[in-house]
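J.: For reference, this is query_10.txt, and it has compact mmCIF, C-alpha atoms (C1' of nucleotides).
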```txt
# COMPACT_ATOMS: atom_id res chain seq x y z
CA MET H 1 117.88 103.75 181.38
CA CYS H 2 116.87 104.04 177.80
CA GLN H 3 116.24 107.32 176.27
CA LEU H 4 118.64 109.12 178.46
CA VAL H 5 119.57 111.80 176.12
CA GLY H 6 118.26 113.85 173.30
CA THR H 7 114.84 112.62 173.84
CA ILE H 8 112.74 115.60 174.64
CA ALA H 9 111.08 116.33 171.36
CA ASP H 10 113.85 114.34 169.73
CA MET H 11 116.08 117.26 169.13
CA GLY H 12 118.83 115.10 167.73
CA TRP H 13 121.47 115.82 170.28
CA LEU H 14 122.86 112.39 169.75
CA THR H 15 122.68 110.65 166.42
CA GLY H 16 120.99 107.30 166.13
CA LYS H 17 124.26 105.42 166.26
CA GLU H 18 125.52 107.38 169.20
CA MET H 19 122.27 106.82 171.00
CA GLN H 20 122.41 103.09 170.39
CA ALA H 21 125.89 102.95 171.85
CA TRP H 22 124.96 105.09 174.82
CA ILE H 23 121.76 103.26 175.66
CA GLY H 24 123.44 99.91 175.24
CA TYR H 25 126.23 100.97 177.50
CA ARG H 26 123.88 102.13 180.22
CA ARG H 27 121.81 99.00 180.15
CA MET H 28 124.78 96.69 179.97
CA ARG H 29 126.36 98.47 182.87
CA LEU H 30 123.28 98.10 185.01
CA LEU H 31 122.51 94.47 184.24
CA LEU H 32 126.07 93.21 184.15
CA ASP H 33 126.74 94.72 187.51
CA LEU H 34 123.70 93.15 189.05
CA GLN H 35 124.51 89.75 187.61
CA LEU H 36 128.15 89.70 188.59
CA ASN H 37 127.31 90.86 192.07
CA ARG H 38 124.63 88.23 192.43
CA ASP H 39 126.94 85.47 191.24
CA LEU H 40 129.77 86.55 193.48
CA MET H 41 127.56 86.98 196.50
CA SER H 42 125.87 83.62 196.15
CA GLN H 43 129.05 81.71 195.35
CA ALA H 44 131.45 83.34 197.73
CA GLY H 45 129.57 85.71 200.00
CA LEU H 46 131.56 88.65 198.69
CA SER H 47 130.48 91.83 196.96
CA GLU H 48 132.42 93.08 193.95
CA ALA H 49 133.85 95.78 196.16
CA ASP H 50 135.08 93.18 198.62
CA TYR H 51 136.54 91.20 195.77
CA ASP H 52 138.41 94.16 194.38
CA VAL H 53 139.89 95.07 197.72
CA LEU H 54 140.97 91.51 198.45
CA SER H 55 142.30 91.05 194.95
CA ASN H 56 144.45 94.15 195.08
CA LEU H 57 145.66 93.35 198.52
CA SER H 58 146.51 89.76 197.68
CA GLU H 59 148.88 90.76 194.94
CA SER H 60 150.71 93.54 196.66
CA PRO H 61 154.07 92.85 198.29
CA HIS H 62 153.62 91.14 201.65
CA GLN H 63 149.90 91.39 201.05
CA GLN H 64 149.75 94.78 202.64
CA LEU H 65 149.16 98.32 201.48
CA ARG H 66 148.77 101.82 202.79
CA LEU H 67 145.16 102.95 202.68
CA THR H 68 145.95 105.92 200.48
CA ASP H 69 147.83 103.79 198.00
CA LEU H 70 144.99 101.35 197.72
CA ALA H 71 142.46 104.14 197.42
CA THR H 72 144.47 105.78 194.65
CA HIS H 73 144.96 102.53 192.82
CA MET H 74 141.30 101.62 192.99
CA ARG H 75 140.25 105.21 192.43
CA TRP H 76 138.08 105.15 195.47
CA SER H 77 137.66 108.04 197.87
CA LYS H 78 139.47 107.67 201.18
CA SER H 79 136.18 107.85 202.95
CA ARG H 80 134.69 105.05 200.92
CA LEU H 81 137.70 102.86 201.49
CA SER H 82 137.81 103.62 205.20
CA HIS H 83 134.17 102.73 205.68
CA HIS H 84 134.51 99.61 203.59
CA ILE H 85 137.64 98.44 205.36
CA THR H 86 135.92 98.90 208.69
CA ARG H 87 133.17 96.57 207.54
CA MET H 88 135.60 94.02 206.10
CA GLN H 89 137.64 94.17 209.27
CA ARG H 90 134.57 93.31 211.28
CA ARG H 91 134.16 90.25 209.08
CA GLY H 92 137.78 89.26 209.62
CA LEU H 93 138.85 89.58 205.98
CA VAL H 94 141.46 92.28 206.50
CA ASP H 95 143.18 94.00 209.37
CA ARG H 96 144.68 97.40 210.13
CA HIS H 97 148.20 97.68 211.51
CA ASP H 98 150.03 100.76 212.64
CA CYS H 99 152.44 102.09 210.09
CA LYS H 100 156.05 102.31 211.28
CA ASP H 101 157.22 104.97 208.84
CA ASP H 102 154.32 107.32 209.31
CA GLY H 103 152.46 107.82 212.55
CA ARG H 104 149.36 108.97 210.71
CA GLY H 105 149.07 105.99 208.44
CA SER H 106 147.44 102.61 208.61
CA MET H 107 148.79 99.50 206.96
CA LEU H 108 146.14 97.28 205.52
CA VAL H 109 146.91 93.56 205.71
CA LEU H 110 145.19 90.51 204.36
CA THR H 111 144.20 88.00 207.01
CA PRO H 112 144.37 84.24 206.36
CA ALA H 113 140.58 84.25 206.17
CA GLY H 114 140.74 87.03 203.58
CA LEU H 115 143.25 85.13 201.50
CA LYS H 116 141.13 82.02 201.66
CA ALA H 117 138.07 83.98 200.64
CA ILE H 118 139.65 85.54 197.57
CA GLU H 119 141.23 82.27 196.49
CA GLU H 120 137.94 80.49 196.69
CA ALA H 121 136.02 83.28 195.01
CA ALA H 122 138.33 83.92 192.10
CA PRO H 123 137.62 80.96 189.80
CA GLY H 124 133.88 81.45 189.99
CA HIS H 125 134.17 85.15 189.46
CA VAL H 126 136.34 84.79 186.40
CA GLU H 127 133.94 82.25 185.01
CA SER H 128 131.11 84.68 185.64
CA VAL H 129 132.88 87.52 183.88
CA ARG H 130 133.61 85.23 180.95
CA LYS H 131 130.14 83.85 180.69
CA HIS H 132 128.26 87.12 180.89
CA MET H 133 130.64 89.39 179.04
CA ILE H 134 134.00 88.35 177.63
CA ASP H 135 132.88 85.23 175.82
CA LEU H 136 130.05 87.15 174.20
CA MET H 137 132.46 89.54 172.51
CA THR H 138 134.55 89.16 169.37
CA ASP H 139 138.27 89.82 169.37
CA GLU H 140 137.70 93.09 167.56
CA GLU H 141 135.15 94.20 170.11
CA LEU H 142 137.50 93.35 172.96
CA ALA H 143 140.23 95.38 171.33
CA ALA H 144 137.87 98.28 170.72
CA LEU H 145 136.66 98.22 174.34
CA ALA H 146 140.20 98.18 175.65
CA ALA H 147 141.14 101.06 173.38
CA PHE H 148 138.30 103.45 174.03
CA SER H 149 137.96 102.70 177.71
CA HIS H 150 141.62 103.44 178.32
CA ARG H 151 141.30 106.62 176.29
CA ILE H 152 138.30 107.73 178.32
CA VAL H 153 139.95 106.84 181.61
CA ALA H 154 143.00 108.85 180.63
CA HIS H 155 140.79 111.80 179.75
CA LEU H 156 138.89 111.57 183.02
CA SER H 157 142.08 111.31 185.03
CA GLU H 158 143.07 114.70 183.64
CA MET U 1 139.33 98.33 190.21
CA CYS U 2 142.36 97.16 188.40
CA GLN U 3 143.47 93.62 188.62
CA LEU U 4 140.06 92.28 189.24
CA VAL U 5 140.52 88.89 187.84
CA GLY U 6 143.08 86.24 187.30
CA THR U 7 145.51 88.01 189.46
CA ILE U 8 146.32 85.66 192.24
CA ALA U 9 149.64 84.26 191.12
CA ASP U 10 148.71 85.30 187.62
CA MET U 11 147.06 82.10 186.69
CA GLY U 12 146.06 83.36 183.29
CA TRP U 13 142.36 83.04 183.64
CA LEU U 14 141.95 85.97 181.33
CA THR U 15 144.34 86.60 178.52
CA GLY U 16 146.20 89.89 178.35
CA LYS U 17 143.80 91.34 175.84
CA GLU U 18 140.76 90.23 177.76
CA MET U 19 142.22 91.67 180.92
CA GLN U 20 142.89 95.00 179.26
CA ALA U 21 139.31 95.19 178.10
CA TRP U 22 137.94 94.17 181.46
CA ILE U 23 140.10 96.51 183.51
CA GLY U 24 139.42 99.37 181.15
CA TYR U 25 135.73 98.74 181.35
CA ARG U 26 135.74 98.72 185.12
CA ARG U 27 137.72 101.90 185.43
CA MET U 28 135.77 103.69 182.75
CA ARG U 29 132.54 102.71 184.39
CA LEU U 30 133.65 104.05 187.75
CA LEU U 31 135.12 107.32 186.56
CA LEU U 32 132.55 108.11 183.89
CA ASP U 33 129.77 107.63 186.33
CA LEU U 34 131.32 109.92 188.88
CA GLN U 35 131.99 112.60 186.31
CA LEU U 36 128.56 112.54 184.71
CA ASN U 37 126.92 112.60 188.09
CA ARG U 38 129.05 115.48 189.27
CA ASP U 39 128.32 117.49 186.13
CA LEU U 40 124.62 116.84 186.27
CA MET U 41 124.39 117.58 189.96
CA SER U 42 126.28 120.84 189.76
CA GLN U 43 124.54 122.05 186.61
CA ALA U 44 121.01 120.98 187.33
CA GLY U 45 120.77 119.63 190.85
CA LEU U 46 119.74 116.23 189.54
CA SER U 47 121.31 112.81 189.93
CA GLU U 48 121.56 110.52 186.93
CA ALA U 49 118.78 108.46 188.41
CA ASP U 50 116.58 111.55 188.64
CA TYR U 51 117.45 112.41 185.08
CA ASP U 52 116.56 108.98 183.79
CA VAL U 53 113.23 108.97 185.54
CA LEU U 54 112.32 112.44 184.32
CA SER U 55 113.54 111.69 180.83
CA ASN U 56 111.46 108.56 180.51
CA LEU U 57 108.45 110.23 181.99
CA SER U 58 108.72 113.28 179.77
CA GLU U 59 108.51 111.25 176.60
CA SER U 60 105.70 108.95 177.54
CA PRO U 61 102.16 109.73 176.41
CA HIS U 62 100.60 112.42 178.60
CA GLN U 63 103.82 112.39 180.56
CA GLN U 64 102.57 109.69 182.82
CA LEU U 65 103.36 106.05 183.41
CA ARG U 66 102.46 103.17 185.64
CA LEU U 67 105.17 102.44 188.18
CA THR U 68 105.60 98.88 186.97
CA ASP U 69 105.94 99.95 183.37
CA LEU U 70 108.58 102.48 184.23
CA ALA U 71 110.42 100.02 186.42
CA THR U 72 110.40 97.41 183.66
CA HIS U 73 111.54 99.88 181.06
CA MET U 74 114.37 101.19 183.19
CA ARG U 75 115.12 97.72 184.52
CA TRP U 76 114.92 98.93 188.06
CA SER U 77 113.41 96.96 190.90
CA LYS U 78 109.98 98.12 192.00
CA SER U 79 111.35 98.82 195.40
CA ARG U 80 114.10 101.02 194.08
CA LEU U 81 111.67 102.95 191.95
CA SER U 82 109.17 103.32 194.75
CA HIS U 83 111.78 104.71 197.13
CA HIS U 84 113.17 106.99 194.48
CA ILE U 85 109.80 108.30 193.45
CA THR U 86 108.97 109.04 197.06
CA ARG U 87 112.08 111.21 197.27
CA MET U 88 111.39 112.93 193.95
CA GLN U 89 107.82 113.52 195.01
CA ARG U 90 109.03 115.27 198.13
CA ARG U 91 111.07 117.55 195.89
CA GLY U 92 108.06 118.28 193.71
CA LEU U 93 109.47 116.76 190.52
CA VAL U 94 106.82 114.09 190.06
CA ASP U 95 103.52 113.13 191.57
CA ARG U 96 101.51 109.97 192.18
CA HIS U 97 97.90 109.76 191.08
CA ASP U 98 95.45 106.97 191.65
CA CYS U 99 95.03 104.72 188.69
CA LYS U 100 91.49 104.47 187.34
CA ASP U 101 91.82 101.12 185.62
CA ASP U 102 93.50 99.32 188.45
CA GLY U 103 92.86 99.97 192.11
CA ARG U 104 96.30 98.67 193.06
CA GLY U 105 98.23 100.86 190.71
CA SER U 106 99.74 104.28 190.86
CA MET U 107 100.07 106.62 187.94
CA LEU U 108 103.27 108.57 187.91
CA VAL U 109 102.97 112.06 186.46
CA LEU U 110 105.48 114.74 185.65
CA THR U 111 104.88 118.02 187.44
CA PRO U 112 105.56 121.36 185.74
CA ALA U 113 108.62 121.69 187.97
CA GLY U 114 109.79 118.27 186.84
CA LEU U 115 109.36 119.18 183.20
CA LYS U 116 111.24 122.40 183.71
CA ALA U 117 114.04 120.56 185.47
CA ILE U 118 114.54 117.98 182.75
CA GLU U 119 114.37 120.58 179.99
CA GLU U 120 116.99 122.68 181.67
CA ALA U 121 119.19 119.74 182.48
CA ALA U 122 119.16 118.00 179.13
CA PRO U 123 121.47 120.18 177.03
CA GLY U 124 124.19 120.18 179.66
CA HIS U 125 123.89 116.46 180.22
CA VAL U 126 124.16 115.65 176.54
CA GLU U 127 127.17 117.89 176.29
CA SER U 128 128.69 116.09 179.24
CA VAL U 129 128.10 112.68 177.72
CA ARG U 130 129.62 113.86 174.45
CA LYS U 131 132.61 115.47 176.03
CA HIS U 132 133.57 112.64 178.34
CA MET U 133 132.62 109.68 176.20
CA ILE U 134 131.04 109.86 172.77
CA ASP U 135 133.38 112.39 171.21
CA LEU U 136 136.37 110.38 172.41
CA MET U 137 135.29 107.35 170.41
CA THR U 138 135.68 106.52 166.74
CA ASP U 139 132.73 105.48 164.61
CA GLU U 140 133.95 101.91 164.64
CA GLU U 141 134.19 101.91 168.41
CA LEU U 142 130.69 103.31 168.73
CA ALA U 143 129.38 100.60 166.46
CA ALA U 144 131.26 97.93 168.39
CA LEU U 145 129.95 99.22 171.72
CA ALA U 146 126.39 99.27 170.43
CA ALA U 147 126.77 95.74 169.09
CA PHE U 148 128.29 94.00 172.06
CA SER U 149 126.35 95.86 174.69
CA HIS U 150 123.05 94.95 173.07
CA ARG U 151 124.22 91.35 172.77
CA ILE U 152 125.16 91.24 176.43
CA VAL U 153 121.92 92.90 177.51
CA ALA U 154 119.95 90.35 175.51
CA HIS U 155 121.90 87.55 177.14
CA LEU U 156 121.33 88.95 180.62
CA SER U 157 117.64 89.49 180.01
CA GLU U 158 117.39 85.73 179.38
C1' DG N 1 161.76 124.91 219.05
C1' DC N 2 157.48 126.59 217.09
C1' DC N 3 154.20 127.75 213.80
C1' DG N 4 151.50 127.32 209.82
C1' DC N 5 150.21 124.24 206.42
C1' DC N 6 149.81 119.78 204.29
C1' DT N 7 148.52 114.85 204.43
C1' DA N 8 146.34 110.31 206.38
C1' DG N 9 142.66 108.57 208.00
C1' DT N 10 138.20 108.61 210.70
C1' DT N 11 133.67 109.91 211.63
C1' DG N 12 128.68 111.32 211.42
C1' DA N 13 124.82 112.82 208.89
C1' DC N 14 122.62 111.77 205.14
C1' DA N 15 121.35 109.81 200.18
C1' DT N 16 120.65 105.76 197.91
C1' DG N 17 119.81 100.77 196.86
C1' DT N 18 118.66 95.82 198.41
C1' DC N 19 115.96 92.37 200.39
C1' DA N 20 112.11 90.45 202.58
C1' DC N 21 107.71 91.11 203.84
C1' DC N 22 103.08 93.08 203.70
C1' DA N 23 98.48 94.95 202.27
C1' DA N 24 95.41 95.76 198.76
C1' DC N 25 93.59 94.42 194.61
C1' DC N 26 92.83 91.62 190.30
C1' DG N 27 91.04 87.61 187.62
C1' DT N 28 89.58 83.14 187.30
C1' DA N 29 88.38 78.22 188.35
C1' DG N 30 84.95 76.01 190.65
C1' DC I 1 79.84 84.26 194.39
C1' DT I 2 83.97 82.99 196.45
C1' DA I 3 88.44 81.47 197.35
C1' DC I 4 92.94 81.47 195.75
C1' DG I 5 97.03 82.57 193.43
C1' DG I 6 99.38 86.25 191.10
C1' DT I 7 100.24 91.33 190.67
C1' DT I 8 101.04 96.16 192.32
C1' DG I 9 103.09 99.02 195.13
C1' DG I 10 104.83 100.40 199.76
C1' DT I 11 107.67 99.82 203.98
C1' DG I 12 111.39 98.92 207.35
C1' DA I 13 115.81 97.14 208.33
C1' DC I 14 119.98 97.21 206.70
C1' DA I 15 124.32 97.73 203.39
C1' DT I 16 126.73 100.97 200.96
C1' DG I 17 128.54 105.51 199.23
C1' DT I 18 129.07 110.81 199.57
C1' DC I 19 130.29 115.01 201.62
C1' DA I 20 132.05 117.83 205.01
C1' DA I 21 134.14 118.29 209.22
C1' DC I 22 137.62 116.75 212.34
C1' DT I 23 141.94 114.58 214.71
C1' DA I 24 146.54 113.63 214.50
C1' DG I 25 150.91 113.38 212.65
C1' DG I 26 154.59 115.21 209.28
C1' DC I 27 157.42 119.02 207.26
C1' DG I 28 159.74 123.31 206.15
C1' DG I 29 160.96 128.15 207.35
C1' DC I 30 162.14 131.07 210.78
```
Render the structure in this file as structure tokens.
T.:
Amino acid sequence: MCQLVGTIADMGWLTGKEMQAWIGYRRMRLLLDLQLNRDLMSQAGLSEADYDVLSNLSESPHQQLRLTDLATHMRWSKSRLSHHITRMQRRGLVDRHDCKDDGRGSMLVLTPAGLKAIEEAAPGHVESVRKHMIDLMTDEELAALAAFSHRIVAHLSE
Amino acid sequence: MCQLVGTIADMGWLTGKEMQAWIGYRRMRLLLDLQLNRDLMSQAGLSEADYDVLSNLSESPHQQLRLTDLATHMRWSKSRLSHHITRMQRRGLVDRHDCKDDGRGSMLVLTPAGLKAIEEAAPGHVESVRKHMIDLMTDEELAALAAFSHRIVAHLSE
DNA sequence: GCCGCCTAGTTGACATGTCACCAACCGTAG
DNA sequence: CTACGGTTGGTGACATGTCAACTAGGCGGC
């Protein structure tokens, strides 16, 4: 982490303020991730990735989705999703069904166990997110984060 | 990504504004990381992790550090660093020396190849960080990011 | 119908990170 | 001096993610 940029002989590639923002971002990202994952894993036995998949699935119509749609929505690669679903399927959290409309496709469905898992995990996860991030920010900071993150996401999505 | 929280039956665990900030953060984190890694890998053949290690090492006195010190500074686990250093050592970017003061320790040193790699990679990486993040943010947003990220890091560091 | 091309999803090899455990070494209380 | 508890770093098993093939099923032009 730390001096990620502009540090060799301090050539001033990033100004002090920019550097503070960048370093802070990197460190926050690392530590927040670890903490949220730890909390979620110890409270609910789920990783953040599991949580995201279950969460998306639980709110889609009929609690089912095409793999590609889910991958696009989550911005995951198909490969990543396929591997991850295989692992979650082994644990009984989700299931694959054949897709009627398209012989190539797979329909991803939430199992009762998966629904139970996400319902039990959600309150603790939200509390965790609040405690370690949201509640530490002012309204202005929240608004700023929403604004620049959406701008950056739009830029990165071409 | 997306509806990570408070989404089951929309129970309002996070307010709309909080949700926007949270979702934006998650997506930005995912996409920015991918992009910066892709850029760095294609331009310099380094991962961000490689870059961070080399960067930290290059600015320490005599371009060498104890493993524990580097791990603490980067907030990496010792195990992660040890594995990563082993891989970088195989590629000739860094080297381990015995530590005179402490028979247990290892001194991490930057090789000439490692120095060359970080010096060549730095300008492109900084440009990448600017292009995909810093230059898309206003001064106020940079200040806000620096402020809340440092606050959150302090909180997470206990 | 048939052919070429696109898309959906899977797979295997490999890179990376985590956790738990271990061996060697330090420093200090007795 | 010696034993013990803490520190330093390494290792192996395993979870996860990436990339590049690959299979199989659609789709449009002829």
J.: So what do you get for C1' of DC4 in chain I versus CA of Gly103 in chain U, distance-wise?
T.: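 For C1' of DC4 in chain I relative to CA of Gly103 in chain U, the distance reads 18.9 Å.
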J.: Give chain U as an mmCIF file with C-alpha atoms, keeping the file's coordinate frame once it has been least-squares superposed onto chain H over every C-alpha atom, paired in order.
T.:
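result.cif, freshly written:
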```cif
data_model
loop_
_atom_site.group_PDB
_atom_site.id
_atom_site.type_symbol
_atom_site.label_atom_id
_atom_site.label_comp_id
_atom_site.auth_asym_id
_atom_site.auth_seq_id
_atom_site.Cartn_x
_atom_site.Cartn_y
_atom_site.Cartn_z
ATOM 1 C CA MET U 1 117.972 103.656 181.490
ATOM 2 C CA CYS U 2 116.896 103.882 177.938
ATOM 3 C CA GLN U 3 116.290 107.177 176.330
ATOM 4 C CA LEU U 4 118.680 109.010 178.506
ATOM 5 C CA VAL U 5 119.574 111.746 176.186
ATOM 6 C CA GLY U 6 118.228 113.808 173.393
ATOM 7 C CA THR U 7 114.805 112.516 173.959
ATOM 8 C CA ILE U 8 112.697 115.492 174.738
ATOM 9 C CA ALA U 9 110.989 116.112 171.431
ATOM 10 C CA ASP U 10 113.785 114.172 169.813
ATOM 11 C CA MET U 11 115.993 117.103 169.210
ATOM 12 C CA GLY U 12 118.756 114.993 167.774
ATOM 13 C CA TRP U 13 121.427 115.812 170.246
ATOM 14 C CA LEU U 14 122.869 112.385 169.729
ATOM 15 C CA THR U 15 122.715 110.675 166.404
ATOM 16 C CA GLY U 16 121.025 107.302 166.113
ATOM 17 C CA LYS U 17 124.291 105.437 166.251
ATOM 18 C CA GLU U 18 125.556 107.404 169.198
ATOM 19 C CA MET U 19 122.292 106.834 170.990
ATOM 20 C CA GLN U 20 122.449 103.106 170.385
ATOM 21 C CA ALA U 21 125.918 102.971 171.851
ATOM 22 C CA TRP U 22 124.982 105.104 174.815
ATOM 23 C CA ILE U 23 121.774 103.269 175.643
ATOM 24 C CA GLY U 24 123.464 99.923 175.239
ATOM 25 C CA TYR U 25 126.255 100.989 177.502
ATOM 26 C CA ARG U 26 123.888 102.146 180.199
ATOM 27 C CA ARG U 27 121.817 99.010 180.144
ATOM 28 C CA MET U 28 124.804 96.721 179.981
ATOM 29 C CA ARG U 29 126.377 98.502 182.886
ATOM 30 C CA LEU U 30 123.269 98.126 185.010
ATOM 31 C CA LEU U 31 122.521 94.507 184.224
ATOM 32 C CA LEU U 32 126.090 93.237 184.154
ATOM 33 C CA ASP U 33 126.760 94.736 187.503
ATOM 34 C CA LEU U 34 123.715 93.167 189.057
ATOM 35 C CA GLN U 35 124.514 89.779 187.602
ATOM 36 C CA LEU U 36 128.169 89.732 188.582
ATOM 37 C CA ASN U 37 127.311 90.878 192.056
ATOM 38 C CA ARG U 38 124.612 88.272 192.441
ATOM 39 C CA ASP U 39 126.922 85.501 191.250
ATOM 40 C CA LEU U 40 129.761 86.568 193.471
ATOM 41 C CA MET U 41 127.546 87.008 196.491
ATOM 42 C CA SER U 42 125.855 83.652 196.150
ATOM 43 C CA GLN U 43 129.038 81.747 195.342
ATOM 44 C CA ALA U 44 131.429 83.368 197.746
ATOM 45 C CA GLY U 45 129.557 85.737 200.017
ATOM 46 C CA LEU U 46 131.546 88.674 198.692
ATOM 47 C CA SER U 47 130.465 91.856 196.955
ATOM 48 C CA GLU U 48 132.403 93.090 193.950
ATOM 49 C CA ALA U 49 133.847 95.795 196.131
ATOM 50 C CA ASP U 50 135.062 93.183 198.608
ATOM 51 C CA TYR U 51 136.526 91.196 195.766
ATOM 52 C CA ASP U 52 138.398 94.152 194.358
ATOM 53 C CA VAL U 53 139.872 95.059 197.698
ATOM 54 C CA LEU U 54 140.958 91.506 198.441
ATOM 55 C CA SER U 55 142.285 91.026 194.943
ATOM 56 C CA ASN U 56 144.434 94.123 195.068
ATOM 57 C CA LEU U 57 145.647 93.322 198.522
ATOM 58 C CA SER U 58 146.494 89.734 197.680
ATOM 59 C CA GLU U 59 148.865 90.721 194.920
ATOM 60 C CA SER U 60 150.697 93.493 196.659
ATOM 61 C CA PRO U 61 154.051 92.805 198.300
ATOM 62 C CA HIS U 62 153.588 91.093 201.664
ATOM 63 C CA GLN U 63 149.879 91.357 201.047
ATOM 64 C CA GLN U 64 149.724 94.735 202.637
ATOM 65 C CA LEU U 65 149.144 98.272 201.465
ATOM 66 C CA ARG U 66 148.758 101.772 202.760
ATOM 67 C CA LEU U 67 145.156 102.931 202.667
ATOM 68 C CA THR U 68 145.973 105.889 200.451
ATOM 69 C CA ASP U 69 147.848 103.750 197.975
ATOM 70 C CA LEU U 70 144.994 101.322 197.705
ATOM 71 C CA ALA U 71 142.472 104.110 197.382
ATOM 72 C CA THR U 72 144.503 105.749 194.622
ATOM 73 C CA HIS U 73 144.980 102.498 192.787
ATOM 74 C CA MET U 74 141.318 101.589 192.942
ATOM 75 C CA ARG U 75 140.287 105.193 192.378
ATOM 76 C CA TRP U 76 138.092 105.139 195.413
ATOM 77 C CA SER U 77 137.694 108.030 197.803
ATOM 78 C CA LYS U 78 139.525 107.644 201.092
ATOM 79 C CA SER U 79 136.261 107.857 202.889
ATOM 80 C CA ARG U 80 134.724 105.071 200.884
ATOM 81 C CA LEU U 81 137.722 102.869 201.460
ATOM 82 C CA SER U 82 137.857 103.641 205.149
ATOM 83 C CA HIS U 83 134.199 102.756 205.645
ATOM 84 C CA HIS U 84 134.536 99.642 203.560
ATOM 85 C CA ILE U 85 137.638 98.464 205.327
ATOM 86 C CA THR U 86 135.937 98.946 208.665
ATOM 87 C CA ARG U 87 133.167 96.611 207.525
ATOM 88 C CA MET U 88 135.590 94.055 206.092
ATOM 89 C CA GLN U 89 137.616 94.212 209.267
ATOM 90 C CA ARG U 90 134.536 93.364 211.281
ATOM 91 C CA ARG U 91 134.115 90.303 209.084
ATOM 92 C CA GLY U 92 137.723 89.286 209.623
ATOM 93 C CA LEU U 93 138.800 89.605 205.988
ATOM 94 C CA VAL U 94 141.426 92.287 206.509
ATOM 95 C CA ASP U 95 143.133 94.017 209.370
ATOM 96 C CA ARG U 96 144.648 97.416 210.111
ATOM 97 C CA HIS U 97 148.147 97.682 211.518
ATOM 98 C CA ASP U 98 149.987 100.767 212.618
ATOM 99 C CA CYS U 99 152.412 102.049 210.073
ATOM 100 C CA LYS U 100 156.017 102.269 211.244
ATOM 101 C CA ASP U 101 157.207 104.885 208.788
ATOM 102 C CA ASP U 102 154.335 107.258 209.225
ATOM 103 C CA GLY U 103 152.465 107.820 212.452
ATOM 104 C CA ARG U 104 149.358 108.957 210.587
ATOM 105 C CA GLY U 105 149.100 105.960 208.353
ATOM 106 C CA SER U 106 147.466 102.600 208.550
ATOM 107 C CA MET U 107 148.783 99.466 206.953
ATOM 108 C CA LEU U 108 146.118 97.256 205.517
ATOM 109 C CA VAL U 109 146.875 93.547 205.719
ATOM 110 C CA LEU U 110 145.151 90.487 204.376
ATOM 111 C CA THR U 111 144.133 87.989 207.031
ATOM 112 C CA PRO U 112 144.307 84.237 206.394
ATOM 113 C CA ALA U 113 140.512 84.260 206.180
ATOM 114 C CA GLY U 114 140.692 87.027 203.600
ATOM 115 C CA LEU U 115 143.204 85.113 201.529
ATOM 116 C CA LYS U 116 141.081 82.011 201.693
ATOM 117 C CA ALA U 117 138.019 83.975 200.647
ATOM 118 C CA ILE U 118 139.620 85.540 197.599
ATOM 119 C CA GLU U 119 141.195 82.263 196.509
ATOM 120 C CA GLU U 120 137.890 80.493 196.711
ATOM 121 C CA ALA U 121 136.007 83.278 195.026
ATOM 122 C CA ALA U 122 138.320 83.916 192.111
ATOM 123 C CA PRO U 123 137.613 80.962 189.815
ATOM 124 C CA GLY U 124 133.867 81.456 190.001
ATOM 125 C CA HIS U 125 134.156 85.180 189.466
ATOM 126 C CA VAL U 126 136.341 84.805 186.408
ATOM 127 C CA GLU U 127 133.929 82.275 185.021
ATOM 128 C CA SER U 128 131.106 84.703 185.644
ATOM 129 C CA VAL U 129 132.888 87.538 183.890
ATOM 130 C CA ARG U 130 133.633 85.264 180.945
ATOM 131 C CA LYS U 131 130.159 83.886 180.695
ATOM 132 C CA HIS U 132 128.282 87.157 180.898
ATOM 133 C CA MET U 133 130.681 89.418 179.059
ATOM 134 C CA ILE U 134 134.029 88.386 177.639
ATOM 135 C CA ASP U 135 132.922 85.260 175.818
ATOM 136 C CA LEU U 136 130.084 87.195 174.200
ATOM 137 C CA MET U 137 132.502 89.579 172.522
ATOM 138 C CA THR U 138 134.591 89.213 169.390
ATOM 139 C CA ASP U 139 138.316 89.880 169.392
ATOM 140 C CA GLU U 140 137.748 93.134 167.569
ATOM 141 C CA GLU U 141 135.201 94.247 170.128
ATOM 142 C CA LEU U 142 137.548 93.405 172.973
ATOM 143 C CA ALA U 143 140.278 95.430 171.342
ATOM 144 C CA ALA U 144 137.912 98.333 170.744
ATOM 145 C CA LEU U 145 136.695 98.263 174.348
ATOM 146 C CA ALA U 146 140.245 98.220 175.665
ATOM 147 C CA ALA U 147 141.179 101.115 173.396
ATOM 148 C CA PHE U 148 138.336 103.492 174.052
ATOM 149 C CA SER U 149 137.982 102.740 177.719
ATOM 150 C CA HIS U 150 141.643 103.478 178.347
ATOM 151 C CA ARG U 151 141.323 106.666 176.309
ATOM 152 C CA ILE U 152 138.317 107.772 178.317
ATOM 153 C CA VAL U 153 139.959 106.885 181.624
ATOM 154 C CA ALA U 154 143.012 108.913 180.649
ATOM 155 C CA HIS U 155 140.794 111.841 179.752
ATOM 156 C CA LEU U 156 138.900 111.630 183.033
ATOM 157 C CA SER U 157 142.071 111.343 185.069
ATOM 158 C CA GLU U 158 143.071 114.740 183.635
#
```
J.: Based on all atoms listed in the file, which of the residues in chain I come within 9 Å of chain H? I want them as a list in words.
T.: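 Close enough to count are DT16, DG17, DT18, DA24, DG25 and DG26 of chain I.
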J.: Hey, what's within 6 Å of range 139-149 of chain U if we count only C-alpha atoms (C1' of nucleotides) and toss same-chain stuff fewer than 6 positions away? As a list of chain:residue names, please?
T.: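 In the requested form, the answer reads H:Gln20, H:Ala21, H:Gly24, H:Tyr25, H:Met28, H:Glu141, H:Ala144.
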J.: Under the rule that only C-alpha atoms are counted, which of U:Arg29, U:Arg66, U:Lys17, U:His150 is the nearest residue to Arg96 in chain U?
T.: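 Checking each candidate against Arg96 in chain U, we get U:Arg66 as the closest.
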